[in-house]
>>> print(open('query27.tsv').read())   # TSV, C-alpha atoms and all ligand atoms
chain	number	residue	atom	x	y	z
A	1	MET	CA	10.96	-13.52	22.67
A	2	ASN	CA	9.35	-10.52	24.40
A	3	LYS	CA	5.71	-10.71	23.37
A	4	ILE	CA	3.74	-7.54	22.62
A	5	PRO	CA	0.80	-7.19	25.04
A	6	LEU	CA	-2.29	-6.49	22.90
A	7	ALA	CA	-5.92	-6.02	23.91
A	8	VAL	CA	-9.20	-5.91	21.98
A	9	ILE	CA	-12.02	-3.51	22.87
A	10	GLY	CA	-15.33	-4.66	21.36
A	11	ALA	CA	-15.61	-8.40	20.78
A	12	GLY	CA	-18.51	-8.55	18.33
A	13	LEU	CA	-18.47	-9.71	14.71
A	14	ILE	CA	-15.14	-8.21	13.63
A	15	GLY	CA	-13.63	-8.10	17.14
A	16	LYS	CA	-13.73	-11.91	17.15
A	17	THR	CA	-11.71	-11.97	13.92
A	18	HIS	CA	-9.06	-9.74	15.51
A	19	ILE	CA	-8.99	-11.92	18.63
A	20	GLU	CA	-8.45	-15.07	16.53
A	21	ARG	CA	-5.72	-13.41	14.48
A	22	ALA	CA	-3.99	-12.02	17.60
A	23	GLN	CA	-3.93	-15.46	19.17
A	24	ALA	CA	-2.31	-16.88	16.04
A	25	LEU	CA	0.60	-14.40	16.13
A	26	GLU	CA	3.68	-15.76	17.90
A	27	ASN	CA	4.95	-12.36	19.02
A	28	VAL	CA	1.63	-11.28	20.60
A	29	GLU	CA	0.11	-11.95	23.98
A	30	LEU	CA	-3.60	-11.18	24.16
A	31	VAL	CA	-3.77	-9.60	27.62
A	32	GLY	CA	-7.38	-8.43	27.75
A	33	ILE	CA	-10.80	-8.24	26.12
A	34	ALA	CA	-13.10	-5.36	27.05
A	35	ASP	CA	-16.76	-5.62	26.09
A	36	PRO	CA	-19.72	-5.48	28.49
A	37	SER	CA	-21.73	-8.16	26.66
A	38	ALA	CA	-22.29	-11.57	28.21
A	39	ALA	CA	-21.17	-13.19	24.95
A	40	ALA	CA	-17.81	-11.41	25.18
A	41	GLN	CA	-17.38	-12.45	28.81
A	42	GLU	CA	-18.07	-16.05	27.85
A	43	MET	CA	-15.63	-15.92	24.94
A	44	ALA	CA	-12.86	-14.39	27.09
A	45	SER	CA	-13.38	-17.04	29.71
A	46	SER	CA	-13.27	-19.86	27.13
A	47	LEU	CA	-9.99	-18.43	25.79
A	48	GLY	CA	-8.52	-17.86	29.25
A	49	VAL	CA	-8.07	-14.13	28.55
A	50	PRO	CA	-8.83	-11.52	31.26
A	51	TRP	CA	-12.25	-9.93	30.63
A	52	PHE	CA	-13.39	-6.42	31.51
A	53	ALA	CA	-16.78	-4.77	31.13
A	54	ASP	CA	-15.12	-1.35	31.18
A	55	TYR	CA	-12.31	-0.57	28.76
A	56	VAL	CA	-10.74	2.12	30.98
A	57	ALA	CA	-10.42	-0.41	33.81
A	58	MET	CA	-8.78	-2.79	31.36
A	59	LEU	CA	-6.29	-0.17	30.14
A	60	GLU	CA	-5.35	0.66	33.74
A	61	THR	CA	-5.06	-2.98	34.81
A	62	VAL	CA	-3.37	-4.92	32.00
A	63	LYS	CA	-1.47	-1.99	30.46
A	64	PRO	CA	-1.37	-3.15	26.83
A	65	ARG	CA	1.06	-1.63	24.30
A	66	GLY	CA	-1.54	-1.84	21.55
A	67	VAL	CA	-5.34	-2.03	21.35
A	68	VAL	CA	-7.69	-3.00	18.54
A	69	VAL	CA	-10.83	-0.85	18.75
A	70	ALA	CA	-13.77	-2.80	17.28
A	71	THR	CA	-16.71	-1.08	18.95
A	72	PRO	CA	-19.64	0.71	17.20
A	73	ASN	CA	-18.62	3.72	15.10
A	74	VAL	CA	-19.99	6.37	17.48
A	75	THR	CA	-17.66	5.15	20.26
A	76	HIS	CA	-14.42	5.01	18.23
A	77	ALA	CA	-13.17	8.50	19.12
A	78	ASP	CA	-13.73	8.25	22.90
A	79	VAL	CA	-12.19	4.79	23.09
A	80	ALA	CA	-9.22	5.55	20.82
A	81	VAL	CA	-8.42	8.85	22.55
A	82	ALA	CA	-8.52	7.13	25.98
A	83	CYS	CA	-5.92	4.66	24.68
A	84	LEU	CA	-3.70	7.24	23.00
A	85	GLU	CA	-3.69	9.46	26.09
A	86	ARG	CA	-2.26	6.47	27.98
A	87	LYS	CA	0.44	6.10	25.26
A	88	VAL	CA	-1.22	2.96	23.92
A	89	ALA	CA	-1.13	2.48	20.12
A	90	VAL	CA	-4.49	1.85	18.43
A	91	LEU	CA	-5.79	0.04	15.39
A	92	VAL	CA	-9.30	1.51	15.01
A	93	GLU	CA	-11.82	-0.31	12.85
A	94	LYS	CA	-13.24	1.56	9.87
A	95	PRO	CA	-14.69	4.11	9.66
A	96	ILE	CA	-12.15	5.91	11.81
A	97	ALA	CA	-15.07	7.71	13.49
A	98	ASP	CA	-18.68	8.69	12.93
A	99	THR	CA	-17.87	12.34	12.14
A	100	LEU	CA	-14.91	14.30	10.77
A	101	GLU	CA	-14.68	16.18	14.06
A	102	ASN	CA	-14.28	12.92	15.98
A	103	ALA	CA	-11.80	11.61	13.42
A	104	ARG	CA	-9.72	14.77	13.94
A	105	ARG	CA	-9.77	14.14	17.71
A	106	ILE	CA	-8.07	10.79	17.10
A	107	CYS	CA	-5.47	12.32	14.76
A	108	ALA	CA	-4.74	15.08	17.30
A	109	ALA	CA	-4.41	12.65	20.23
A	110	ALA	CA	-2.01	10.44	18.24
A	111	ALA	CA	0.14	13.45	17.33
A	112	ALA	CA	0.06	14.99	20.84
A	113	ASN	CA	1.08	11.73	22.51
A	114	GLY	CA	3.51	10.54	19.83
A	115	VAL	CA	1.69	7.20	19.55
A	116	PRO	CA	0.68	5.45	16.32
A	117	ALA	CA	-3.00	5.32	15.34
A	118	LEU	CA	-3.93	3.04	12.43
A	119	VAL	CA	-7.30	2.50	10.75
A	120	GLY	CA	-8.62	-0.92	9.76
A	121	HIS	CA	-9.00	-0.58	6.00
A	122	GLN	CA	-7.82	-4.16	5.68
A	123	ARG	CA	-7.91	-4.36	1.88
A	124	ARG	CA	-4.61	-2.46	1.82
A	125	TYR	CA	-2.97	-5.57	3.30
A	126	ASN	CA	-4.30	-8.01	0.72
A	127	PRO	CA	-1.42	-9.36	-1.46
A	128	ILE	CA	-3.53	-8.49	-4.54
A	129	MET	CA	-3.62	-4.85	-3.51
A	130	ARG	CA	0.09	-4.78	-2.74
A	131	GLN	CA	0.86	-6.12	-6.23
A	132	ALA	CA	-1.58	-3.72	-7.90
A	133	LYS	CA	0.04	-0.81	-6.05
A	134	SER	CA	3.52	-1.77	-7.17
A	135	ILE	CA	2.33	-2.06	-10.81
A	136	ILE	CA	0.57	1.33	-10.76
A	137	ASP	CA	3.32	3.10	-8.78
A	138	ALA	CA	5.93	1.78	-11.25
A	139	GLY	CA	4.07	3.64	-14.02
A	140	VAL	CA	3.18	0.49	-15.99
A	141	LEU	CA	-0.27	1.91	-16.82
A	142	GLY	CA	1.23	5.23	-18.01
A	143	LYS	CA	-0.73	8.32	-16.99
A	144	PRO	CA	-3.78	7.37	-14.85
A	145	VAL	CA	-6.95	8.16	-16.89
A	146	SER	CA	-9.97	6.26	-15.66
A	147	VAL	CA	-11.21	3.80	-13.06
A	148	THR	CA	-14.49	1.95	-12.76
A	149	ALA	CA	-15.37	0.20	-9.51
A	150	LEU	CA	-18.35	-2.03	-8.86
A	151	CYS	CA	-19.70	-2.79	-5.43
A	152	THR	CA	-22.94	-4.66	-6.19
A	153	TRP	CA	-24.38	-7.57	-4.28
A	154	LEU	CA	-27.42	-8.72	-2.35
A	155	LYS	CA	-27.77	-8.36	1.39
A	156	PRO	CA	-30.38	-10.81	2.73
A	157	ASP	CA	-33.61	-9.43	4.23
A	158	GLU	CA	-32.66	-10.50	7.77
A	159	TYR	CA	-29.63	-8.17	7.63
A	160	PHE	CA	-32.12	-5.30	7.89
A	161	GLU	CA	-33.86	-6.62	10.99
A	162	THR	CA	-31.29	-4.52	12.92
A	163	SER	CA	-32.90	-1.08	12.92
A	164	TRP	CA	-29.78	1.12	12.45
A	165	ARG	CA	-29.12	-0.58	9.09
A	166	ARG	CA	-32.38	0.90	7.78
A	167	GLN	CA	-31.51	4.42	8.93
A	168	VAL	CA	-29.22	7.14	7.59
A	169	GLY	CA	-25.59	6.12	8.06
A	170	GLY	CA	-26.40	2.40	8.07
A	171	GLY	CA	-26.46	1.97	4.28
A	172	PRO	CA	-23.97	0.71	1.74
A	173	VAL	CA	-22.26	4.10	1.35
A	174	LEU	CA	-20.83	4.28	4.87
A	175	ILE	CA	-20.65	0.53	5.47
A	176	ASN	CA	-19.22	-0.70	2.16
A	177	LEU	CA	-18.39	2.05	-0.34
A	178	ILE	CA	-15.94	3.46	2.22
A	179	HIS	CA	-13.71	0.43	1.54
A	180	ASP	CA	-13.78	1.12	-2.22
A	181	ILE	CA	-13.03	4.79	-1.71
A	182	ASP	CA	-10.05	3.83	0.43
A	183	LEU	CA	-8.93	1.33	-2.21
A	184	LEU	CA	-9.16	3.98	-4.96
A	185	ARG	CA	-7.27	6.54	-2.86
A	186	PHE	CA	-4.58	3.96	-2.07
A	187	LEU	CA	-4.05	3.01	-5.72
A	188	PHE	CA	-4.99	6.12	-7.76
A	189	GLY	CA	-4.26	8.97	-5.32
A	190	GLU	CA	-6.22	11.72	-3.59
A	191	ILE	CA	-9.73	12.65	-4.68
A	192	GLU	CA	-10.23	16.28	-5.62
A	193	SER	CA	-14.04	16.38	-6.02
A	194	LEU	CA	-17.08	14.18	-6.53
A	195	GLN	CA	-20.72	14.07	-7.58
A	196	ALA	CA	-23.25	11.47	-6.54
A	197	ILE	CA	-26.84	10.28	-6.78
A	198	THR	CA	-28.49	7.83	-4.41
A	199	SER	CA	-31.73	5.86	-4.42
A	200	ASN	CA	-33.88	3.85	-2.00
A	201	ARG	CA	-36.27	2.75	-4.74
A	202	ILE	CA	-36.07	-1.00	-4.07
A	203	ARG	CA	-36.08	-1.35	-0.28
A	204	HIS	CA	-37.87	1.93	0.54
A	205	PHE	CA	-35.87	2.35	3.74
A	206	GLU	CA	-34.81	5.77	5.01
A	207	VAL	CA	-31.24	4.87	4.02
A	208	GLU	CA	-30.02	4.47	0.42
A	209	ASP	CA	-29.82	0.99	-1.13
A	210	THR	CA	-28.01	2.17	-4.26
A	211	ALA	CA	-25.58	4.95	-5.18
A	212	ALA	CA	-23.64	6.10	-8.23
A	213	VAL	CA	-20.58	8.27	-7.71
A	214	MET	CA	-18.35	10.22	-10.11
A	215	LEU	CA	-14.87	11.14	-8.95
A	216	ARG	CA	-12.16	13.53	-10.08
A	217	PHE	CA	-8.70	12.67	-8.73
A	218	CYS	CA	-6.04	15.27	-7.97
A	219	ASN	CA	-3.86	13.73	-10.73
A	220	GLY	CA	-6.60	14.45	-13.29
A	221	ALA	CA	-7.96	10.88	-13.59
A	222	LEU	CA	-11.73	10.34	-13.50
A	223	GLY	CA	-13.64	7.51	-11.87
A	224	THR	CA	-17.08	6.01	-11.41
A	225	VAL	CA	-18.28	3.78	-8.62
A	226	SER	CA	-21.57	1.91	-8.53
A	227	VAL	CA	-22.76	0.51	-5.22
A	228	SER	CA	-25.93	-1.40	-4.39
A	229	ASP	CA	-26.88	-3.94	-1.74
A	230	THR	CA	-30.08	-4.92	-3.53
A	231	THR	CA	-28.77	-6.56	-6.72
A	232	ALA	CA	-28.31	-10.28	-7.42
A	233	ALA	CA	-24.75	-9.64	-8.61
A	234	PRO	CA	-21.23	-10.86	-7.82
A	235	TRP	CA	-19.34	-7.71	-8.86
A	236	ASN	CA	-17.77	-6.55	-5.63
A	237	TRP	CA	-14.45	-6.93	-3.87
A	238	ASP	CA	-15.74	-9.11	-1.03
A	239	LEU	CA	-16.95	-11.89	-3.33
A	240	SER	CA	-14.36	-11.50	-6.09
A	241	ALA	CA	-11.31	-11.31	-3.81
A	242	GLY	CA	-12.66	-13.79	-1.27
A	243	GLU	CA	-11.25	-11.69	1.51
A	244	ALA	CA	-13.24	-13.30	4.34
A	245	GLU	CA	-14.37	-16.88	4.72
A	246	ARG	CA	-17.99	-15.78	5.13
A	247	PHE	CA	-18.13	-14.78	1.43
A	248	PRO	CA	-18.00	-17.48	-1.29
A	249	ARG	CA	-15.08	-16.53	-3.53
A	250	GLN	CA	-15.93	-15.99	-7.24
A	251	ASP	CA	-12.80	-16.97	-9.10
A	252	ASP	CA	-13.58	-15.48	-12.51
A	253	VAL	CA	-14.99	-12.10	-11.51
A	254	ASN	CA	-13.37	-8.66	-11.57
A	255	SER	CA	-14.76	-5.67	-9.70
A	256	HIS	CA	-12.23	-2.86	-10.31
A	257	PHE	CA	-10.93	-1.63	-13.67
A	258	PHE	CA	-8.00	0.82	-13.82
A	259	SER	CA	-6.99	2.36	-17.16
A	260	GLY	CA	-4.04	4.49	-18.15
A	261	THR	CA	-2.41	5.72	-21.35
A	262	GLN	CA	-0.09	2.67	-21.55
A	263	GLY	CA	-2.13	-0.14	-20.07
A	264	SER	CA	-4.99	-1.22	-17.89
A	265	LEU	CA	-5.37	-3.45	-14.87
A	266	THR	CA	-8.27	-5.39	-13.40
A	267	LEU	CA	-8.73	-6.33	-9.76
A	268	PRO	CA	-8.75	-8.73	-8.13
A	269	ARG	CA	-7.65	-10.94	-11.05
A	270	LEU	CA	-4.65	-8.65	-11.79
A	271	GLU	CA	-5.07	-8.84	-15.58
A	272	LEU	CA	-2.66	-6.39	-17.16
A	273	TRP	CA	-3.77	-5.35	-20.68
A	274	ARG	CA	-1.18	-3.72	-22.98
A	275	TYR	CA	-0.26	-3.22	-26.62
A	276	HIS	CA	3.09	-4.67	-27.58
A	277	ASP	CA	3.49	-3.63	-31.22
A	278	GLN	CA	1.26	-0.96	-32.72
A	279	PRO	CA	-1.01	0.64	-30.10
A	280	GLY	CA	-4.57	1.38	-31.24
A	281	TRP	CA	-8.01	-0.14	-31.15
A	282	HIS	CA	-7.54	-1.96	-34.50
A	283	ASP	CA	-4.41	-3.72	-33.21
A	284	GLN	CA	-3.98	-6.67	-30.96
A	285	ILE	CA	-4.01	-6.00	-27.24
A	286	THR	CA	-2.48	-8.66	-25.00
A	287	VAL	CA	-3.23	-9.68	-21.45
A	288	GLN	CA	-0.89	-10.92	-18.77
A	289	ARG	CA	-2.38	-12.55	-15.68
A	290	ALA	CA	-0.80	-12.78	-12.25
A	291	VAL	CA	-1.95	-15.00	-9.43
A	292	PRO	CA	-0.62	-13.72	-6.12
A	293	HIS	CA	-0.59	-15.81	-2.98
A	294	ILE	CA	-3.84	-15.78	-1.08
A	295	GLY	CA	-3.23	-14.02	2.20
A	296	CYS	CA	-5.43	-13.06	5.10
A	297	PRO	CA	-5.49	-9.25	5.15
A	298	TYR	CA	-6.69	-9.18	8.78
A	299	ALA	CA	-3.69	-11.26	9.89
A	300	GLU	CA	-1.27	-9.15	7.85
A	301	GLN	CA	-2.85	-5.95	9.21
A	302	LEU	CA	-2.29	-7.13	12.78
A	303	ARG	CA	1.29	-8.23	12.04
A	304	HIS	CA	1.90	-4.77	10.58
A	305	PHE	CA	0.30	-3.08	13.63
A	306	CYS	CA	2.78	-4.92	15.87
A	307	ALA	CA	5.69	-3.94	13.62
A	308	VAL	CA	4.57	-0.29	13.85
A	309	ILE	CA	4.39	-0.55	17.65
A	310	GLU	CA	7.96	-1.91	17.62
A	311	GLY	CA	9.04	0.99	15.39
A	312	LEU	CA	9.97	-1.38	12.56
A	313	GLU	CA	7.40	-0.20	9.98
A	314	GLN	CA	5.54	3.01	9.15
A	315	PRO	CA	1.71	2.94	9.21
A	316	ILE	CA	0.21	1.77	5.90
A	317	CYS	CA	-3.17	3.24	6.86
A	318	SER	CA	-2.71	6.08	9.33
A	319	ALA	CA	-5.40	8.02	11.18
A	320	GLU	CA	-4.95	10.80	8.58
A	321	ASP	CA	-5.65	8.26	5.83
A	322	GLY	CA	-8.76	7.14	7.67
A	323	LEU	CA	-9.83	10.77	8.01
A	324	ARG	CA	-9.43	11.48	4.28
A	325	THR	CA	-11.30	8.32	3.33
A	326	LEU	CA	-14.12	9.26	5.72
A	327	GLU	CA	-14.22	12.79	4.31
A	328	ALA	CA	-14.68	11.49	0.75
A	329	THR	CA	-17.31	8.97	1.85
A	330	LEU	CA	-19.36	11.54	3.77
A	331	ALA	CA	-19.08	13.81	0.74
A	332	VAL	CA	-21.07	11.22	-1.26
A	333	HIS	CA	-24.11	11.88	0.92
A	334	GLU	CA	-23.52	15.64	0.78
A	335	ALA	CA	-23.28	15.56	-3.03
A	336	ALA	CA	-26.38	13.40	-3.38
A	337	THR	CA	-28.40	15.71	-1.13
A	338	SER	CA	-27.26	18.98	-2.69
A	339	GLY	CA	-26.94	17.81	-6.29
A	340	ALA	CA	-23.72	19.83	-6.43
A	341	VAL	CA	-20.07	18.98	-7.03
A	342	VAL	CA	-18.40	18.60	-3.64
A	343	HIS	CA	-14.77	19.66	-3.48
A	344	LEU	CA	-12.77	17.88	-0.82
A	345	ARG	CA	-10.63	19.96	1.47
A	346	SER	CA	-6.97	19.56	0.69
A	347	ASP	CA	-6.22	19.94	4.41
A	348	ALA	CA	-8.53	17.20	5.68
A	349	SER	CA	-6.31	16.72	8.73
B	401	LIG	N1	-13.06	-4.08	8.47
B	401	LIG	C1	-14.08	-4.89	8.36
B	401	LIG	O1	-14.08	-5.82	7.57
B	401	LIG	C2	-15.25	-4.68	9.27
B	401	LIG	C3	-16.30	-5.62	9.26
B	401	LIG	C4	-17.36	-5.43	10.16
B	401	LIG	C5	-17.38	-4.34	11.02
B	401	LIG	N2	-16.35	-3.44	10.97
B	401	LIG	C6	-16.35	-2.29	11.89
B	401	LIG	O2	-16.06	-2.78	13.20
B	401	LIG	C7	-16.81	-2.07	14.17
B	401	LIG	C8	-17.68	-3.06	14.95
B	401	LIG	O3	-18.58	-3.66	14.06
B	401	LIG	P1	-19.21	-5.11	14.36
B	401	LIG	O4	-19.96	-5.50	13.13
B	401	LIG	O5	-18.17	-6.02	14.92
B	401	LIG	O6	-20.25	-4.71	15.51
B	401	LIG	P2	-20.89	-5.65	16.61
B	401	LIG	O7	-22.13	-4.97	17.04
B	401	LIG	O8	-20.96	-7.06	16.14
B	401	LIG	O9	-19.80	-5.61	17.81
B	401	LIG	C9	-19.51	-4.46	18.57
B	401	LIG	C10	-19.16	-4.90	19.98
B	401	LIG	O10	-18.73	-3.76	20.73
B	401	LIG	C11	-19.25	-3.89	22.04
B	401	LIG	N3	-19.27	-2.58	22.66
B	401	LIG	C12	-20.15	-1.57	22.48
B	401	LIG	N4	-19.81	-0.49	23.21
B	401	LIG	C13	-18.66	-0.83	23.86
B	401	LIG	C14	-17.81	-0.15	24.77
B	401	LIG	N5	-18.05	1.12	25.15
B	401	LIG	N6	-16.74	-0.80	25.27
B	401	LIG	C15	-16.46	-2.07	24.89
B	401	LIG	N7	-17.24	-2.77	24.02
B	401	LIG	C16	-18.32	-2.15	23.52
B	401	LIG	C17	-20.61	-4.53	21.89
B	401	LIG	O11	-21.03	-5.16	23.09
B	401	LIG	C18	-20.35	-5.51	20.75
B	401	LIG	O12	-19.99	-6.79	21.23
B	401	LIG	C19	-17.61	-1.01	13.41
B	401	LIG	O13	-16.87	0.18	13.43
B	401	LIG	C20	-17.68	-1.56	12.00
B	401	LIG	O14	-17.78	-0.55	11.01
B	401	LIG	C21	-15.30	-3.60	10.13
>>> encode(input="query27.tsv", output="structure tokens", more="lines below")
Ligand SMILES: NC(=O)c1ccc[n+]([C@@H]2O[C@H](COP(=O)([O-])OP(=O)(O)OC[C@H]3O[C@@H](n4cnc5c(N)ncnc54)[C@H](O)[C@@H]3O)[C@@H](O)[C@H]2O)c1
Amino acid sequence: MNKIPLAVIGAGLIGKTHIERAQALENVELVGIADPSAAAQEMASSLGVPWFADYVAMLETVKPRGVVVATPNVTHADVAVACLERKVAVLVEKPIADTLENARRICAAAAANGVPALVGHQRRYNPIMRQAKSIIDAGVLGKPVSVTALCTWLKPDEYFETSWRRQVGGGPVLINLIHDIDLLRFLFGEIESLQAITSNRIRHFEVEDTAAVMLRFCNGALGTVSVSDTTAAPWNWDLSAGEAERFPRQDDVNSHFFSGTQGSLTLPRLELWRYHDQPGWHDQITVQRAVPHIGCPYAEQLRHFCAVIEGLEQPICSAEDGLRTLEATLAVHEAATSGAVVHLRSDAS
């Protein structure tokens, strides 16, 4: 089998996950790790993978076909564009970039060089999400009407010892809510406009600790999302879906509630509520539960990235998707600051 030469740029917290998953894929050869830190050099050496302090030197030397970009947000555009200009496909961690302008640079470089650029919104690859999408796309819920999403948990005090997490941009809106916005876009469609309020009442940091968002989707559905990193609560995707080993999975908790004219669906438990005889609030509503296989979304995302490189699959989360999700997430801050309804541009790309 001809293995696909992959490299990882940025071998920190999430970069390590990508490295582990890449090494577990039979059709991948991990040909390089670029990260100037001593810890990354040590890891590369322990894995027997060539290490580079400078990612351009790595691209020129090992000539990968695909690169996972897992560096800090402000570097995503420069690193991704350098790869794309060398005809190397990229999987860029979320958010696609720190600004819309930089996100557009990535989209433009992918288009100009005819190379795929994917964004790491890994929830899209969770088997629960795939099943929810097929239920909603099949019209089982009828016309989409309403969605409620909860993203509430408690980040420990030591999390905030890192200064950028106390400053604007380091809060739960850009770090966490962005995943929920992507999930809602993936399942319920494009967002037309939103309103938001934010608060830093509990932690008193410059950055928000809590936000409430109201959404209007292009298909007419309405949604609300509540996010807070200062609540002793389990209602969030990370804990309820058990997506990463570092979060203790809560088996009986739902965090997302989708309702339509014919039925409603909870996530991640995939409870499908419907009337079978007479529909109406005085009549009996029934629930059907599905238990999909547990799958590692990071592994599936990387498998998919390789299939896209081989031309076997189309991107499930393209750079344009990442751009639209970023646009809606940044609009939360804009709406909270202005107090106005923010209309998203229909031509985000
Ligand atoms: N999808 C997810 O579940 C998820 C989870 C965590 C982080 N992320 C995203 O992944 C990215 C990285 O986050 P993290 O928590 O792993 O950060 P981190 O600080 O743990 O790791 C970043 C690494 O990048 C390296 N680096 C910095 N500049 C570099 C450069 N120019 N070239 C090569 N390496 C460089 C650093 O030395 C560090 O090791 C961020 O965009 C973040 O939003 C995604």
>>> atom_distance(input="query27.tsv", atom1="CA of Gly260 in chain A", atom2="CA of Trp235 in chain A")
21.7 Å
>>> closest_residue(input="query27.tsv", among="A:Leu302, A:Leu323, A:Ala340, A:Leu187", to="Glu101 in chain A", atoms="only C-alpha atoms")
A:Leu323
>>> closest_residue(input="query27.tsv", among="A:Pro127, A:Gly339, A:Ala212, A:Lys155", to="Val291 in chain A", atoms="all atoms listed in the file")
A:Pro127
>>> closest_residue(input="query27.tsv", among="A:Gly120, A:Pro292, A:Gly171, A:Gly142", to="His76 in chain A", atoms="only C-alpha atoms")
A:Gly120
>>> residues_around(input="query27.tsv", residues="Arg246 in chain A", least_positions_apart="4", cutoff="12 Å", atoms="all atoms listed in the file", output="JSON, numbers by chain")
{"A": [13, 14, 17, 238, 239, 242]}
>>> atom_distance(input="query27.tsv", atom1="CA of Ser146 in chain A", atom2="CA of Gly189 in chain A")
12.1 Å
>>> residues_around(input="query27.tsv", residues="Glu313 in chain A", least_positions_apart="6", cutoff="12 Å", atoms="all atoms listed in the file", output="MDAnalysis selection string")
chainID A and resid 116 301 303:307
>>> axis_aligned_box(input="query27.tsv", around="ligand LIG 401 (chain B)", padding_each_side="4 Å", output="lines of an AutoDock Vina configuration file")
center_x = -17.6
center_y = -3.0
center_z = 16.4
size_x = 17.1
size_y = 16.2
size_z = 25.7
>>> closest_atom_pairs(input="query27.tsv", of="chain A", to="ligand LIG 401 (chain B)", cutoff="9 Å", atoms="all atoms listed in the file", output="JSON lines")
{"residue": "A:Val8", "atom": "CA", "partner": "B:LIG401", "partner_atom": "C15", "distance": 8.7}
{"residue": "A:Ile9", "atom": "CA", "partner": "B:LIG401", "partner_atom": "C15", "distance": 5.1}
{"residue": "A:Gly10", "atom": "CA", "partner": "B:LIG401", "partner_atom": "O10", "distance": 3.6}
{"residue": "A:Ala11", "atom": "CA", "partner": "B:LIG401", "partner_atom": "O12", "distance": 4.7}
{"residue": "A:Gly12", "atom": "CA", "partner": "B:LIG401", "partner_atom": "O9", "distance": 3.3}
{"residue": "A:Leu13", "atom": "CA", "partner": "B:LIG401", "partner_atom": "O5", "distance": 3.7}
{"residue": "A:Ile14", "atom": "CA", "partner": "B:LIG401", "partner_atom": "O5", "distance": 4.0}
{"residue": "A:Gly15", "atom": "CA", "partner": "B:LIG401", "partner_atom": "O5", "distance": 5.5}
{"residue": "A:Lys16", "atom": "CA", "partner": "B:LIG401", "partner_atom": "O5", "distance": 7.7}
{"residue": "A:Thr17", "atom": "CA", "partner": "B:LIG401", "partner_atom": "O5", "distance": 8.8}
{"residue": "A:Ile33", "atom": "CA", "partner": "B:LIG401", "partner_atom": "C15", "distance": 8.5}
{"residue": "A:Ala34", "atom": "CA", "partner": "B:LIG401", "partner_atom": "C15", "distance": 5.2}
{"residue": "A:Asp35", "atom": "CA", "partner": "B:LIG401", "partner_atom": "N7", "distance": 3.6}
{"residue": "A:Pro36", "atom": "CA", "partner": "B:LIG401", "partner_atom": "O11", "distance": 5.6}
{"residue": "A:Ser37", "atom": "CA", "partner": "B:LIG401", "partner_atom": "O11", "distance": 4.7}
{"residue": "A:Ala38", "atom": "CA", "partner": "B:LIG401", "partner_atom": "O11", "distance": 8.3}
{"residue": "A:Ala39", "atom": "CA", "partner": "B:LIG401", "partner_atom": "O12", "distance": 7.5}
{"residue": "A:Ala40", "atom": "CA", "partner": "B:LIG401", "partner_atom": "O12", "distance": 6.5}
{"residue": "A:Phe52", "atom": "CA", "partner": "B:LIG401", "partner_atom": "C15", "distance": 8.5}
{"residue": "A:Ala53", "atom": "CA", "partner": "B:LIG401", "partner_atom": "C15", "distance": 6.8}
{"residue": "A:Asp54", "atom": "CA", "partner": "B:LIG401", "partner_atom": "N6", "distance": 6.2}
{"residue": "A:Tyr55", "atom": "CA", "partner": "B:LIG401", "partner_atom": "N6", "distance": 5.6}
{"residue": "A:Val56", "atom": "CA", "partner": "B:LIG401", "partner_atom": "N6", "distance": 8.8}
{"residue": "A:Val69", "atom": "CA", "partner": "B:LIG401", "partner_atom": "C7", "distance": 7.6}
{"residue": "A:Ala70", "atom": "CA", "partner": "B:LIG401", "partner_atom": "C7", "distance": 4.4}
{"residue": "A:Thr71", "atom": "CA", "partner": "B:LIG401", "partner_atom": "O10", "distance": 3.8}
{"residue": "A:Pro72", "atom": "CA", "partner": "B:LIG401", "partner_atom": "C19", "distance": 4.6}
{"residue": "A:Asn73", "atom": "CA", "partner": "B:LIG401", "partner_atom": "O13", "distance": 4.3}
{"residue": "A:Val74", "atom": "CA", "partner": "B:LIG401", "partner_atom": "O13", "distance": 8.0}
{"residue": "A:Thr75", "atom": "CA", "partner": "B:LIG401", "partner_atom": "N5", "distance": 6.3}
{"residue": "A:His76", "atom": "CA", "partner": "B:LIG401", "partner_atom": "O13", "distance": 7.2}
{"residue": "A:Asp78", "atom": "CA", "partner": "B:LIG401", "partner_atom": "N5", "distance": 8.6}
{"residue": "A:Val79", "atom": "CA", "partner": "B:LIG401", "partner_atom": "N5", "distance": 7.2}
{"residue": "A:Val92", "atom": "CA", "partner": "B:LIG401", "partner_atom": "O13", "distance": 7.8}
{"residue": "A:Glu93", "atom": "CA", "partner": "B:LIG401", "partner_atom": "O2", "distance": 4.9}
{"residue": "A:Lys94", "atom": "CA", "partner": "B:LIG401", "partner_atom": "O14", "distance": 5.1}
{"residue": "A:Pro95", "atom": "CA", "partner": "B:LIG401", "partner_atom": "O14", "distance": 5.8}
{"residue": "A:Ile96", "atom": "CA", "partner": "B:LIG401", "partner_atom": "O13", "distance": 7.6}
{"residue": "A:Ala97", "atom": "CA", "partner": "B:LIG401", "partner_atom": "O13", "distance": 7.7}
{"residue": "A:Asp98", "atom": "CA", "partner": "B:LIG401", "partner_atom": "O13", "distance": 8.7}
{"residue": "A:Gly120", "atom": "CA", "partner": "B:LIG401", "partner_atom": "N1", "distance": 5.6}
{"residue": "A:His121", "atom": "CA", "partner": "B:LIG401", "partner_atom": "N1", "distance": 5.9}
{"residue": "A:Gln122", "atom": "CA", "partner": "B:LIG401", "partner_atom": "N1", "distance": 5.9}
{"residue": "A:Arg123", "atom": "CA", "partner": "B:LIG401", "partner_atom": "N1", "distance": 8.4}
{"residue": "A:Leu174", "atom": "CA", "partner": "B:LIG401", "partner_atom": "O14", "distance": 8.4}
{"residue": "A:Ile175", "atom": "CA", "partner": "B:LIG401", "partner_atom": "O14", "distance": 6.3}
{"residue": "A:Asn176", "atom": "CA", "partner": "B:LIG401", "partner_atom": "O14", "distance": 9.0}
{"residue": "A:His179", "atom": "CA", "partner": "B:LIG401", "partner_atom": "N1", "distance": 8.3}
{"residue": "A:Glu243", "atom": "CA", "partner": "B:LIG401", "partner_atom": "O1", "distance": 8.9}
{"residue": "A:Ala244", "atom": "CA", "partner": "B:LIG401", "partner_atom": "O1", "distance": 8.2}
{"residue": "A:Tyr298", "atom": "CA", "partner": "B:LIG401", "partner_atom": "N1", "distance": 8.2}
